[in-house]
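Colleague: Following this message is one structure expressed as structure tokens.
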Amino acid sequence: MKKSLSLFVVAVLMSVAMTPISWSNESADYVFTGGKVYTVNEKQPWAEAVAVKGNKIIYVGDAVGARKLTGENTKIIDTKGKTVMPGFVDAHDHLISSGWTSKGVHLFDGKSKEDYIKMVKKYADENPDLKYIIGIGWSTGVYGGRPTAKELDQAVPNRPALILDFTAHDAWLNSKAMDIAGVTKDSPDDQENVIYWERDESGNPTGTGVEGQWMEAYVAIGAWDAEKVINETIDKLHNLAASNGTTTYLNPGIVTPNMKDTNGGMQDDMIAAMKNLREREQAGTLKLRTFVLPFVKNPKADLDQLMSFMEEMRKEYNGPKLFARQIKIHPEANWNVELAPMLKPYESGKLGAYGISPNKIKEIMVTAAKHGFDSMIHTDSTGTSHAGIEGILAARKVDPDNRSALHHATWLIPEDAKRVIDNKIPINSTPNFTNDWSDTDKDALRLLGEKRTMNYFGLYPNFARAGVKVSISADLPSTPPTMQGPLFCLQGAVTMKDPANPNAKAFPPTVKPMTIEQALRAITIDAAWQLRMEDKIGSLEVGKLADIVVLDANPFETAPMKLQDIKVERTMMDGNFTYERSE
């Protein structure tokens, strides 16, 4: 009797889950049918078919009901053996102008200083016609300290060379690049202990520019061409993201050599990028629904001027596919070189420093909230995580629905982790920033010690389990384009391992990975909520925008270590296909 009752209950639940929902008797433009549909809608998680008319979803339900919406002009998309899902929402990737940072030689696979020098030399020798040598991918942990111009001169003695670290925050210059840029003992640092030149005991710059101090040198050696870079990057990275199933993304700051100039060059670059994107939107060639944020990195930024600028941007760019309605605060340098501010010192005794003080962070967030803007704050240390939480709670007093978020949330003390959970403070995280990619695990243990690493580091899965709105993304260009795919990030989140390394180990071992359901929400509905778009995208529901991805396998039936291998068959954004896989 109990068994019969259980079967009856299951049958009723399945019937409810498959109940067709439709708002139209008109013929659909597209019907996806034949496979499984995971809607990410808790009221109807699974279905058999989805129908689209124009740019809206008009039906989600069983295959029989979908047939009633087919006409002679309806295109039937056979999804047998495949899985249909909402288009992926990426809440943190720089896909507009960041292509310049990934040009040249890639050092990500280097295992030592000697490897780096050999890799740069090989690239330079193979490209004798290049006027300058650029690249990305070194880390201080692998290098064994800060790189110097003299060492880079071994690889490139007669041409300027400038190689970014793996986060694209710091740069390694050779002597020729420093000479061309006029970098000398008398060159001022932008911000003491935050944005500066590494120097020897006599005050001479040694070849490492920290946290963007090198940006003017990049321009000086002739490597910067704004219009070309913006066009090339959008063409390449938007196409890449669409092929990975991305339909909407947040671009948290235009990454250019002017990003430090909050009230000047940064705004000029943002205007240029927005105009470029608008032209694509009007021509029907914009492949991603795009949210663009300004940088606030300068602690002396004029907030009144910034808010006035952003109000004009919001007025001009408030949809349907192009938005400017949040701001980005970037208050620190990197933790893995002991510069990001910790509430208690690193193991070496260093404390790090705020590029923007906690009081200023709170002022920015509150001011933004008064003007109706959410803030996203780069939080790579216990200090900025704490300051970000204080700012968010203050902003909520101005606007109870303020959705300002901690981006990265790399390190949090237990008390602040509890505040994130208690106050449901939204989080964006990059899984590969807290596993063993680029020896990050070794850096964490070396610089913060085992106790703090095991209790403070990479806690985003804990927050998702507690009901916090967590999103996950790659943060290009601080990871290479090969890591942009939401399914790549998904695999990282459900394994706590670097998906690019088959021999990777889960890290930190004290953190339980996200479940597949939680990770799928992090690239769909929870990310959409962070962008205030949960009523339009992030799940497959009647009336929502037709953002749809077709996968060649079901994530729920795929081994965790194989999730990144799932192929995207089709990507639809706003009712139009932005990617279709060729056989």
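Quick note on naming: the chains in the structure tokens go A, B, ... in the order shown, residues restart at 1 in each chain, and ligands are numbered from 1 in order of appearance.
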Give me, as a short mmCIF file (atom, residue, chain, number, x, y, z; two decimals) with N, CA and C atoms, in the first residue's frame, all polymer residues having an atom no more than 9 Å from Pro555 (chain A), counting only C-alpha atoms and skipping those fewer than 4 positions away in the same chain.

Modeller:
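Here's the written file selection-v9.cif:
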data_model
loop_
_atom_site.label_atom_id
_atom_site.label_comp_id
_atom_site.auth_asym_id
_atom_site.auth_seq_id
_atom_site.Cartn_x
_atom_site.Cartn_y
_atom_site.Cartn_z
N THR A 83 19.91 18.72 -23.93
CA THR A 83 19.27 19.40 -22.81
C THR A 83 19.14 20.88 -23.13
N ILE A 516 25.32 20.60 -8.12
CA ILE A 516 25.09 20.97 -9.51
C ILE A 516 23.93 21.96 -9.61
N LEU A 520 24.35 25.64 -11.20
CA LEU A 520 23.54 26.04 -12.36
C LEU A 520 22.77 27.32 -12.07
N LEU A 551 22.39 22.12 -24.99
CA LEU A 551 23.62 21.39 -24.67
C LEU A 551 23.54 19.97 -25.21
N ALA A 559 29.46 13.34 -15.35
CA ALA A 559 30.42 13.27 -14.25
C ALA A 559 30.98 14.66 -13.98
N PRO A 560 31.14 15.02 -12.71
CA PRO A 560 31.62 16.38 -12.38
C PRO A 560 32.89 16.79 -13.11
N LEU A 563 32.14 18.08 -16.89
CA LEU A 563 31.14 19.12 -17.17
C LEU A 563 31.62 20.11 -18.23
N ILE A 566 30.94 19.27 -21.95
CA ILE A 566 29.62 19.37 -22.57
C ILE A 566 29.68 20.43 -23.67
#

Colleague: What are the closest atom pairs, with distances in Å to one decimal, for each residue of region 372-470 of chain A lying within 12 Å of region 306-318 of chain A, using only C-alpha atoms, rows by chain and rising residue number, as a tab-separated table?

Modeller:
residue	atom	partner	partner_atom	distance
A:Gly372	CA	A:Glu311	CA	9.2
A:Phe373	CA	A:Met310	CA	8.9
A:Asp374	CA	A:Met310	CA	11.7

Colleague: Give me the region 425-486 of chain A side of the contact with region 150-165 of chain A, cut-off 12 Å, one line per residue showing its nearest atom pair and distance in Å at one decimal, counting only C-alpha atoms, sorted by chain and residue number, as JSON lines.

Modeller:
{"residue": "A:Ser438", "atom": "CA", "partner": "A:Asp165", "partner_atom": "CA", "distance": 10.7}
{"residue": "A:Pro477", "atom": "CA", "partner": "A:Leu164", "partner_atom": "CA", "distance": 10.4}
{"residue": "A:Ser478", "atom": "CA", "partner": "A:Asp165", "partner_atom": "CA", "distance": 8.7}
{"residue": "A:Thr479", "atom": "CA", "partner": "A:Asp165", "partner_atom": "CA", "distance": 10.5}
{"residue": "A:Pro480", "atom": "CA", "partner": "A:Asp165", "partner_atom": "CA", "distance": 11.6}

Colleague: Just list as a PDB file with N, CA and C atoms, in the first residue's frame whatever in region 322-499 of chain A DSSP marks as helix (DSSP H, G or I).

Modeller:
ATOM      1  N   TRP A 335      46.359  40.220  -3.260  1.00  0.00           N
ATOM      2  CA  TRP A 335      46.712  39.601  -1.979  1.00  0.00           C
ATOM      3  C   TRP A 335      47.935  38.703  -2.110  1.00  0.00           C
ATOM      4  N   ASN A 336      48.132  38.078  -3.282  1.00  0.00           N
ATOM      5  CA  ASN A 336      49.213  37.094  -3.389  1.00  0.00           C
ATOM      6  C   ASN A 336      50.598  37.733  -3.509  1.00  0.00           C
ATOM      7  N   VAL A 337      50.650  39.079  -3.429  1.00  0.00           N
ATOM      8  CA  VAL A 337      51.928  39.769  -3.275  1.00  0.00           C
ATOM      9  C   VAL A 337      51.912  40.613  -1.996  1.00  0.00           C
ATOM     10  N   PRO A 358      38.230  52.364   3.943  1.00  0.00           N
ATOM     11  CA  PRO A 358      36.900  51.859   4.289  1.00  0.00           C
ATOM     12  C   PRO A 358      35.832  52.946   4.370  1.00  0.00           C
ATOM     13  N   ASN A 359      36.179  54.097   4.935  1.00  0.00           N
ATOM     14  CA  ASN A 359      35.193  55.181   5.020  1.00  0.00           C
ATOM     15  C   ASN A 359      34.800  55.680   3.634  1.00  0.00           C
ATOM     16  N   LYS A 360      35.781  55.759   2.732  1.00  0.00           N
ATOM     17  CA  LYS A 360      35.508  56.200   1.372  1.00  0.00           C
ATOM     18  C   LYS A 360      34.675  55.159   0.620  1.00  0.00           C
ATOM     19  N   ILE A 361      34.958  53.878   0.859  1.00  0.00           N
ATOM     20  CA  ILE A 361      34.163  52.819   0.253  1.00  0.00           C
ATOM     21  C   ILE A 361      32.699  52.958   0.646  1.00  0.00           C
ATOM     22  N   LYS A 362      32.471  53.169   1.940  1.00  0.00           N
ATOM     23  CA  LYS A 362      31.095  53.339   2.412  1.00  0.00           C
ATOM     24  C   LYS A 362      30.448  54.578   1.793  1.00  0.00           C
ATOM     25  N   GLU A 363      31.208  55.666   1.711  1.00  0.00           N
ATOM     26  CA  GLU A 363      30.678  56.894   1.115  1.00  0.00           C
ATOM     27  C   GLU A 363      30.272  56.662  -0.348  1.00  0.00           C
ATOM     28  N   ILE A 364      31.119  55.955  -1.094  1.00  0.00           N
ATOM     29  CA  ILE A 364      30.810  55.686  -2.503  1.00  0.00           C
ATOM     30  C   ILE A 364      29.541  54.859  -2.615  1.00  0.00           C
ATOM     31  N   MET A 365      29.431  53.810  -1.815  1.00  0.00           N
ATOM     32  CA  MET A 365      28.265  52.927  -1.897  1.00  0.00           C
ATOM     33  C   MET A 365      26.976  53.639  -1.499  1.00  0.00           C
ATOM     34  N   VAL A 366      27.046  54.436  -0.459  1.00  0.00           N
ATOM     35  CA  VAL A 366      25.857  55.172  -0.011  1.00  0.00           C
ATOM     36  C   VAL A 366      25.467  56.220  -1.048  1.00  0.00           C
ATOM     37  N   THR A 367      26.444  56.938  -1.577  1.00  0.00           N
ATOM     38  CA  THR A 367      26.159  57.941  -2.605  1.00  0.00           C
ATOM     39  C   THR A 367      25.541  57.282  -3.830  1.00  0.00           C
ATOM     40  N   ALA A 368      26.103  56.152  -4.238  1.00  0.00           N
ATOM     41  CA  ALA A 368      25.555  55.426  -5.389  1.00  0.00           C
ATOM     42  C   ALA A 368      24.123  55.001  -5.123  1.00  0.00           C
ATOM     43  N   ALA A 369      23.860  54.493  -3.928  1.00  0.00           N
ATOM     44  CA  ALA A 369      22.505  54.055  -3.584  1.00  0.00           C
ATOM     45  C   ALA A 369      21.518  55.215  -3.634  1.00  0.00           C
ATOM     46  N   LYS A 370      21.943  56.389  -3.191  1.00  0.00           N
ATOM     47  CA  LYS A 370      21.066  57.563  -3.240  1.00  0.00           C
ATOM     48  C   LYS A 370      20.692  57.925  -4.667  1.00  0.00           C
ATOM     49  N   THR A 382      40.597  40.187   3.551  1.00  0.00           N
ATOM     50  CA  THR A 382      39.671  40.297   4.680  1.00  0.00           C
ATOM     51  C   THR A 382      39.304  41.751   4.937  1.00  0.00           C
ATOM     52  N   GLY A 383      40.251  42.658   4.669  1.00  0.00           N
ATOM     53  CA  GLY A 383      39.987  44.079   4.917  1.00  0.00           C
ATOM     54  C   GLY A 383      38.932  44.644   3.985  1.00  0.00           C
ATOM     55  N   THR A 384      39.067  44.386   2.679  1.00  0.00           N
ATOM     56  CA  THR A 384      38.087  44.946   1.741  1.00  0.00           C
ATOM     57  C   THR A 384      36.755  44.202   1.829  1.00  0.00           C
ATOM     58  N   SER A 385      36.781  42.918   2.176  1.00  0.00           N
ATOM     59  CA  SER A 385      35.517  42.207   2.384  1.00  0.00           C
ATOM     60  C   SER A 385      34.752  42.841   3.546  1.00  0.00           C
ATOM     61  N   HIS A 386      35.468  43.120   4.613  1.00  0.00           N
ATOM     62  CA  HIS A 386      34.835  43.760   5.781  1.00  0.00           C
ATOM     63  C   HIS A 386      34.296  45.137   5.409  1.00  0.00           C
ATOM     64  N   ALA A 387      35.119  45.924   4.730  1.00  0.00           N
ATOM     65  CA  ALA A 387      34.687  47.277   4.337  1.00  0.00           C
ATOM     66  C   ALA A 387      33.513  47.212   3.367  1.00  0.00           C
ATOM     67  N   GLY A 388      33.539  46.238   2.452  1.00  0.00           N
ATOM     68  CA  GLY A 388      32.439  46.091   1.501  1.00  0.00           C
ATOM     69  C   GLY A 388      31.127  45.755   2.183  1.00  0.00           C
ATOM     70  N   ILE A 389      31.187  44.875   3.169  1.00  0.00           N
ATOM     71  CA  ILE A 389      29.974  44.523   3.919  1.00  0.00           C
ATOM     72  C   ILE A 389      29.431  45.738   4.648  1.00  0.00           C
ATOM     73  N   GLU A 390      30.321  46.500   5.284  1.00  0.00           N
ATOM     74  CA  GLU A 390      29.882  47.723   5.971  1.00  0.00           C
ATOM     75  C   GLU A 390      29.219  48.683   4.985  1.00  0.00           C
ATOM     76  N   GLY A 391      29.816  48.831   3.806  1.00  0.00           N
ATOM     77  CA  GLY A 391      29.246  49.728   2.806  1.00  0.00           C
ATOM     78  C   GLY A 391      27.904  49.256   2.297  1.00  0.00           C
ATOM     79  N   ILE A 392      27.767  47.960   2.075  1.00  0.00           N
ATOM     80  CA  ILE A 392      26.505  47.413   1.577  1.00  0.00           C
ATOM     81  C   ILE A 392      25.392  47.589   2.603  1.00  0.00           C
ATOM     82  N   LEU A 393      25.682  47.308   3.853  1.00  0.00           N
ATOM     83  CA  LEU A 393      24.657  47.473   4.890  1.00  0.00           C
ATOM     84  C   LEU A 393      24.257  48.931   5.032  1.00  0.00           C
ATOM     85  N   ALA A 394      25.217  49.845   4.873  1.00  0.00           N
ATOM     86  CA  ALA A 394      24.878  51.282   4.915  1.00  0.00           C
ATOM     87  C   ALA A 394      24.043  51.677   3.709  1.00  0.00           C
ATOM     88  N   ALA A 395      24.366  51.134   2.536  1.00  0.00           N
ATOM     89  CA  ALA A 395      23.599  51.441   1.321  1.00  0.00           C
ATOM     90  C   ALA A 395      22.174  50.928   1.434  1.00  0.00           C
ATOM     91  N   ARG A 396      21.968  49.814   2.124  1.00  0.00           N
ATOM     92  CA  ARG A 396      20.616  49.265   2.276  1.00  0.00           C
ATOM     93  C   ARG A 396      19.746  50.127   3.180  1.00  0.00           C
ATOM     94  N   LYS A 397      20.378  50.934   4.026  1.00  0.00           N
ATOM     95  CA  LYS A 397      19.590  51.865   4.835  1.00  0.00           C
ATOM     96  C   LYS A 397      19.002  52.964   3.967  1.00  0.00           C
ATOM     97  N   VAL A 398      19.681  53.249   2.863  1.00  0.00           N
ATOM     98  CA  VAL A 398      19.183  54.237   1.900  1.00  0.00           C
ATOM     99  C   VAL A 398      18.157  53.591   0.982  1.00  0.00           C
ATOM    100  N   PRO A 414      35.528  34.696   9.851  1.00  0.00           N
ATOM    101  CA  PRO A 414      34.269  34.013  10.168  1.00  0.00           C
ATOM    102  C   PRO A 414      33.118  34.958  10.510  1.00  0.00           C
ATOM    103  N   GLU A 415      33.425  36.030  11.237  1.00  0.00           N
ATOM    104  CA  GLU A 415      32.355  36.960  11.608  1.00  0.00           C
ATOM    105  C   GLU A 415      31.736  37.610  10.366  1.00  0.00           C
ATOM    106  N   ASP A 416      32.569  37.919   9.377  1.00  0.00           N
ATOM    107  CA  ASP A 416      32.050  38.537   8.164  1.00  0.00           C
ATOM    108  C   ASP A 416      31.353  37.515   7.275  1.00  0.00           C
ATOM    109  N   ALA A 417      31.842  36.281   7.273  1.00  0.00           N
ATOM    110  CA  ALA A 417      31.142  35.225   6.534  1.00  0.00           C
ATOM    111  C   ALA A 417      29.736  35.042   7.089  1.00  0.00           C
ATOM    112  N   LYS A 418      29.615  35.126   8.397  1.00  0.00           N
ATOM    113  CA  LYS A 418      28.289  35.012   9.024  1.00  0.00           C
ATOM    114  C   LYS A 418      27.410  36.187   8.631  1.00  0.00           C
ATOM    115  N   ARG A 419      27.990  37.379   8.549  1.00  0.00           N
ATOM    116  CA  ARG A 419      27.194  38.555   8.150  1.00  0.00           C
ATOM    117  C   ARG A 419      26.719  38.438   6.704  1.00  0.00           C
ATOM    118  N   VAL A 420      27.552  37.858   5.844  1.00  0.00           N
ATOM    119  CA  VAL A 420      27.126  37.621   4.457  1.00  0.00           C
ATOM    120  C   VAL A 420      25.883  36.745   4.443  1.00  0.00           C
ATOM    121  N   ILE A 421      25.914  35.674   5.245  1.00  0.00           N
ATOM    122  CA  ILE A 421      24.785  34.742   5.289  1.00  0.00           C
ATOM    123  C   ILE A 421      23.574  35.381   5.957  1.00  0.00           C
ATOM    124  N   ASP A 422      23.767  36.008   7.094  1.00  0.00           N
ATOM    125  CA  ASP A 422      22.639  36.584   7.841  1.00  0.00           C
ATOM    126  C   ASP A 422      21.945  37.682   7.048  1.00  0.00           C
ATOM    127  N   PRO A 431      35.822  30.509  -9.480  1.00  0.00           N
ATOM    128  CA  PRO A 431      36.333  29.289  -8.861  1.00  0.00           C
ATOM    129  C   PRO A 431      37.846  29.108  -8.994  1.00  0.00           C
ATOM    130  N   ASN A 432      38.419  29.473 -10.145  1.00  0.00           N
ATOM    131  CA  ASN A 432      39.849  29.259 -10.317  1.00  0.00           C
ATOM    132  C   ASN A 432      40.724  30.228  -9.533  1.00  0.00           C
ATOM    133  N   PHE A 433      40.120  31.194  -8.860  1.00  0.00           N
ATOM    134  CA  PHE A 433      40.904  32.089  -8.009  1.00  0.00           C
ATOM    135  C   PHE A 433      41.161  31.496  -6.631  1.00  0.00           C
ATOM    136  N   TRP A 437      45.001  26.562  -9.208  1.00  0.00           N
ATOM    137  CA  TRP A 437      45.459  27.162 -10.464  1.00  0.00           C
ATOM    138  C   TRP A 437      46.551  28.192 -10.190  1.00  0.00           C
ATOM    139  N   SER A 438      47.587  28.188 -10.991  1.00  0.00           N
ATOM    140  CA  SER A 438      48.703  29.130 -10.869  1.00  0.00           C
ATOM    141  C   SER A 438      49.311  29.141  -9.469  1.00  0.00           C
ATOM    142  N   ASP A 439      49.302  27.974  -8.827  1.00  0.00           N
ATOM    143  CA  ASP A 439      49.888  27.825  -7.480  1.00  0.00           C
ATOM    144  C   ASP A 439      49.228  28.721  -6.439  1.00  0.00           C
ATOM    145  N   THR A 440      47.963  29.039  -6.668  1.00  0.00           N
ATOM    146  CA  THR A 440      47.251  29.886  -5.710  1.00  0.00           C
ATOM    147  C   THR A 440      47.165  29.206  -4.341  1.00  0.00           C
ATOM    148  N   ASP A 441      46.998  27.890  -4.323  1.00  0.00           N
ATOM    149  CA  ASP A 441      46.935  27.177  -3.050  1.00  0.00           C
ATOM    150  C   ASP A 441      48.231  27.343  -2.259  1.00  0.00           C
ATOM    151  N   LYS A 442      49.345  27.241  -2.952  1.00  0.00           N
ATOM    152  CA  LYS A 442      50.651  27.404  -2.285  1.00  0.00           C
ATOM    153  C   LYS A 442      50.815  28.833  -1.772  1.00  0.00           C
ATOM    154  N   ASP A 443      50.380  29.821  -2.581  1.00  0.00           N
ATOM    155  CA  ASP A 443      50.464  31.215  -2.141  1.00  0.00           C
ATOM    156  C   ASP A 443      49.633  31.438  -0.883  1.00  0.00           C
ATOM    157  N   ALA A 444      48.429  30.869  -0.869  1.00  0.00           N
ATOM    158  CA  ALA A 444      47.542  31.059   0.282  1.00  0.00           C
ATOM    159  C   ALA A 444      48.164  30.497   1.551  1.00  0.00           C
ATOM    160  N   LEU A 445      48.661  29.278   1.479  1.00  0.00           N
ATOM    161  CA  LEU A 445      49.256  28.651   2.661  1.00  0.00           C
ATOM    162  C   LEU A 445      50.521  29.368   3.102  1.00  0.00           C
ATOM    163  N   ARG A 446      51.299  29.808   2.141  1.00  0.00           N
ATOM    164  CA  ARG A 446      52.561  30.496   2.457  1.00  0.00           C
ATOM    165  C   ARG A 446      52.326  31.872   3.069  1.00  0.00           C
ATOM    166  N   LEU A 447      51.356  32.605   2.549  1.00  0.00           N
ATOM    167  CA  LEU A 447      51.183  33.997   2.950  1.00  0.00           C
ATOM    168  C   LEU A 447      50.208  34.195   4.110  1.00  0.00           C
ATOM    169  N   LEU A 448      49.200  33.322   4.223  1.00  0.00           N
ATOM    170  CA  LEU A 448      48.211  33.484   5.293  1.00  0.00           C
ATOM    171  C   LEU A 448      48.221  32.337   6.291  1.00  0.00           C
ATOM    172  N   GLY A 449      48.920  31.263   6.006  1.00  0.00           N
ATOM    173  CA  GLY A 449      48.994  30.148   6.935  1.00  0.00           C
ATOM    174  C   GLY A 449      47.830  29.184   6.789  1.00  0.00           C
ATOM    175  N   GLU A 450      48.016  27.986   7.330  1.00  0.00           N
ATOM    176  CA  GLU A 450      47.020  26.922   7.147  1.00  0.00           C
ATOM    177  C   GLU A 450      45.690  27.236   7.825  1.00  0.00           C
ATOM    178  N   LYS A 451      45.712  27.738   9.042  1.00  0.00           N
ATOM    179  CA  LYS A 451      44.464  27.966   9.771  1.00  0.00           C
ATOM    180  C   LYS A 451      43.567  28.956   9.042  1.00  0.00           C
ATOM    181  N   ARG A 452      44.129  30.086   8.635  1.00  0.00           N
ATOM    182  CA  ARG A 452      43.307  31.079   7.939  1.00  0.00           C
ATOM    183  C   ARG A 452      42.871  30.579   6.564  1.00  0.00           C
ATOM    184  N   THR A 453      43.782  29.915   5.856  1.00  0.00           N
ATOM    185  CA  THR A 453      43.438  29.413   4.533  1.00  0.00           C
ATOM    186  C   THR A 453      42.272  28.435   4.618  1.00  0.00           C
ATOM    187  N   MET A 454      42.296  27.550   5.575  1.00  0.00           N
ATOM    188  CA  MET A 454      41.251  26.535   5.683  1.00  0.00           C
ATOM    189  C   MET A 454      39.924  27.086   6.194  1.00  0.00           C
ATOM    190  N   ASN A 455      39.945  28.276   6.771  1.00  0.00           N
ATOM    191  CA  ASN A 455      38.717  28.821   7.359  1.00  0.00           C
ATOM    192  C   ASN A 455      38.207  30.101   6.701  1.00  0.00           C
ATOM    193  N   TYR A 456      39.071  30.804   5.946  1.00  0.00           N
ATOM    194  CA  TYR A 456      38.690  32.104   5.406  1.00  0.00           C
ATOM    195  C   TYR A 456      38.586  32.114   3.878  1.00  0.00           C
ATOM    196  N   TYR A 460      32.660  30.634  -1.171  1.00  0.00           N
ATOM    197  CA  TYR A 460      31.427  30.869  -1.935  1.00  0.00           C
ATOM    198  C   TYR A 460      30.450  29.691  -1.931  1.00  0.00           C
ATOM    199  N   PRO A 461      30.900  28.403  -1.939  1.00  0.00           N
ATOM    200  CA  PRO A 461      29.909  27.327  -1.869  1.00  0.00           C
ATOM    201  C   PRO A 461      29.102  27.337  -0.573  1.00  0.00           C
ATOM    202  N   ASN A 462      29.747  27.719   0.530  1.00  0.00           N
ATOM    203  CA  ASN A 462      29.037  27.806   1.811  1.00  0.00           C
ATOM    204  C   ASN A 462      27.904  28.820   1.730  1.00  0.00           C
ATOM    205  N   PHE A 463      28.163  29.923   1.069  1.00  0.00           N
ATOM    206  CA  PHE A 463      27.148  30.967   0.956  1.00  0.00           C
ATOM    207  C   PHE A 463      25.965  30.490   0.107  1.00  0.00           C
ATOM    208  N   ALA A 464      26.258  29.800  -0.991  1.00  0.00           N
ATOM    209  CA  ALA A 464      25.177  29.283  -1.844  1.00  0.00           C
ATOM    210  C   ALA A 464      24.302  28.308  -1.065  1.00  0.00           C
ATOM    211  N   ARG A 465      24.916  27.448  -0.263  1.00  0.00           N
ATOM    212  CA  ARG A 465      24.147  26.488   0.525  1.00  0.00           C
ATOM    213  C   ARG A 465      23.259  27.181   1.545  1.00  0.00           C
ATOM    214  N   PRO A 481      41.179  33.408 -21.993  1.00  0.00           N
ATOM    215  CA  PRO A 481      39.900  33.189 -22.678  1.00  0.00           C
ATOM    216  C   PRO A 481      39.433  31.736 -22.662  1.00  0.00           C
ATOM    217  N   THR A 482      40.366  30.790 -22.581  1.00  0.00           N
ATOM    218  CA  THR A 482      39.983  29.378 -22.556  1.00  0.00           C
ATOM    219  C   THR A 482      39.163  29.021 -21.323  1.00  0.00           C
ATOM    220  N   MET A 483      39.138  29.903 -20.332  1.00  0.00           N
ATOM    221  CA  MET A 483      38.407  29.628 -19.099  1.00  0.00           C
ATOM    222  C   MET A 483      37.087  30.385 -19.007  1.00  0.00           C
ATOM    223  N   PRO A 486      30.950  29.311 -19.030  1.00  0.00           N
ATOM    224  CA  PRO A 486      30.221  29.062 -17.782  1.00  0.00           C
ATOM    225  C   PRO A 486      30.277  27.603 -17.333  1.00  0.00           C
ATOM    226  N   LEU A 487      30.340  26.670 -18.286  1.00  0.00           N
ATOM    227  CA  LEU A 487      30.438  25.262 -17.898  1.00  0.00           C
ATOM    228  C   LEU A 487      31.815  24.940 -17.319  1.00  0.00           C
ATOM    229  N   PHE A 488      32.841  25.656 -17.756  1.00  0.00           N
ATOM    230  CA  PHE A 488      34.169  25.537 -17.149  1.00  0.00           C
ATOM    231  C   PHE A 488      34.094  25.989 -15.693  1.00  0.00           C
ATOM    232  N   CYS A 489      33.478  27.150 -15.472  1.00  0.00           N
ATOM    233  CA  CYS A 489      33.323  27.663 -14.104  1.00  0.00           C
ATOM    234  C   CYS A 489      32.459  26.721 -13.271  1.00  0.00           C
ATOM    235  N   LEU A 490      31.421  26.169 -13.887  1.00  0.00           N
ATOM    236  CA  LEU A 490      30.543  25.215 -13.217  1.00  0.00           C
ATOM    237  C   LEU A 490      31.337  24.028 -12.692  1.00  0.00           C
ATOM    238  N   GLN A 491      32.202  23.475 -13.530  1.00  0.00           N
ATOM    239  CA  GLN A 491      33.008  22.330 -13.110  1.00  0.00           C
ATOM    240  C   GLN A 491      33.911  22.708 -11.949  1.00  0.00           C
ATOM    241  N   GLY A 492      34.517  23.891 -12.013  1.00  0.00           N
ATOM    242  CA  GLY A 492      35.360  24.335 -10.912  1.00  0.00           C
ATOM    243  C   GLY A 492      34.599  24.438  -9.606  1.00  0.00           C
ATOM    244  N   ALA A 493      33.342  24.902  -9.686  1.00  0.00           N
ATOM    245  CA  ALA A 493      32.549  25.110  -8.477  1.00  0.00           C
ATOM    246  C   ALA A 493      32.072  23.807  -7.848  1.00  0.00           C
ATOM    247  N   VAL A 494      31.820  22.780  -8.664  1.00  0.00           N
ATOM    248  CA  VAL A 494      31.297  21.525  -8.106  1.00  0.00           C
ATOM    249  C   VAL A 494      32.408  20.520  -7.787  1.00  0.00           C
ATOM    250  N   THR A 495      33.664  20.886  -8.112  1.00  0.00           N
ATOM    251  CA  THR A 495      34.790  20.004  -7.782  1.00  0.00           C
ATOM    252  C   THR A 495      35.831  20.672  -6.894  1.00  0.00           C
TER     253      THR A 495
END

Colleague: When DSSP works through the backbone of this structure, what residues of region 225-452 of chain A end up as strand (DSSP E), shown as a list in words?

Modeller: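 Assigned to strand (DSSP E), within region 225-452 of chain A: Thr246, Thr247, Thr248, Tyr249, Leu250, Asn251, Arg289, Thr290, Phe291, Val292, Phe295, Val296, Leu322, Phe323, Gln326, Ile327, Lys328, Ile329, Asp374, Ser375, Met376, Ile377, His378, Ala405, Leu406, His407, Ile427, Asn428 and Ser429 of chain A.
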
Colleague: Just want the 12 Å neighbourhood of Asn55 (chain A), counted on only C-alpha atoms, with same-chain residues fewer than 3 positions away dropped. Output as a PyMOL selection string.

Modeller: chain A and resi 28-30+51-52+58+320-321+536-537+542-548+572-577

Colleague: Trp46 (chain A): which residues within 10 Å, counting only C-alpha atoms, same-chain residues fewer than 2 positions away excluded, as an MDAnalysis selection string?

Modeller: chainID A and resid 14 17:19 36:44 48:49 60:62 84:85 540

Colleague: Just the residues within 10 Å of Ile134 (chain A), please, counting only C-alpha atoms, with nothing from its chain fewer than 4 positions along; format it as a PyMOL selection string.

Modeller: chain A and resi 100-106+120+123-124+130+160-164+171-173+218+223

Colleague: Which residue is closest to Trp224 (chain A)? Choose from A:Thr510, A:Ser98, A:Thr247, A:Thr140 and count only C-alpha atoms.

Modeller: A:Ser98

Colleague: I'd like the neighbourhood of Asn435 (chain A) as a VMD selection string, where a residue qualifies if any of its atoms comes within 8 Å (using only C-alpha atoms), though same-chain residues fewer than 6 positions away should be ignored.

Modeller: chain A and resid 441 458 496 to 498 506 to 508

Colleague: Do you have, as JSON lines, the list of residues of region 189-242 of chain A lying at most 8 Å from region 282-298 of chain A, each with its nearest atom pair and that distance in Å to one decimal, counting only C-alpha atoms and ordered by chain then number?

Modeller:
{"residue": "A:His238", "atom": "CA", "partner": "A:Lys287", "partner_atom": "CA", "distance": 6.4}
{"residue": "A:Asn239", "atom": "CA", "partner": "A:Lys287", "partner_atom": "CA", "distance": 7.1}
{"residue": "A:Ala242", "atom": "CA", "partner": "A:Lys287", "partner_atom": "CA", "distance": 6.7}

Colleague: Using only C-alpha atoms, find the one residue out of A:Ala519, A:Ala353, A:Val194, A:Leu250 that sits nearest to Gln326 (chain A).

Modeller: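 Looking only at the distances to Gln326 (chain A), the closest residue turns out to be A:Leu250.
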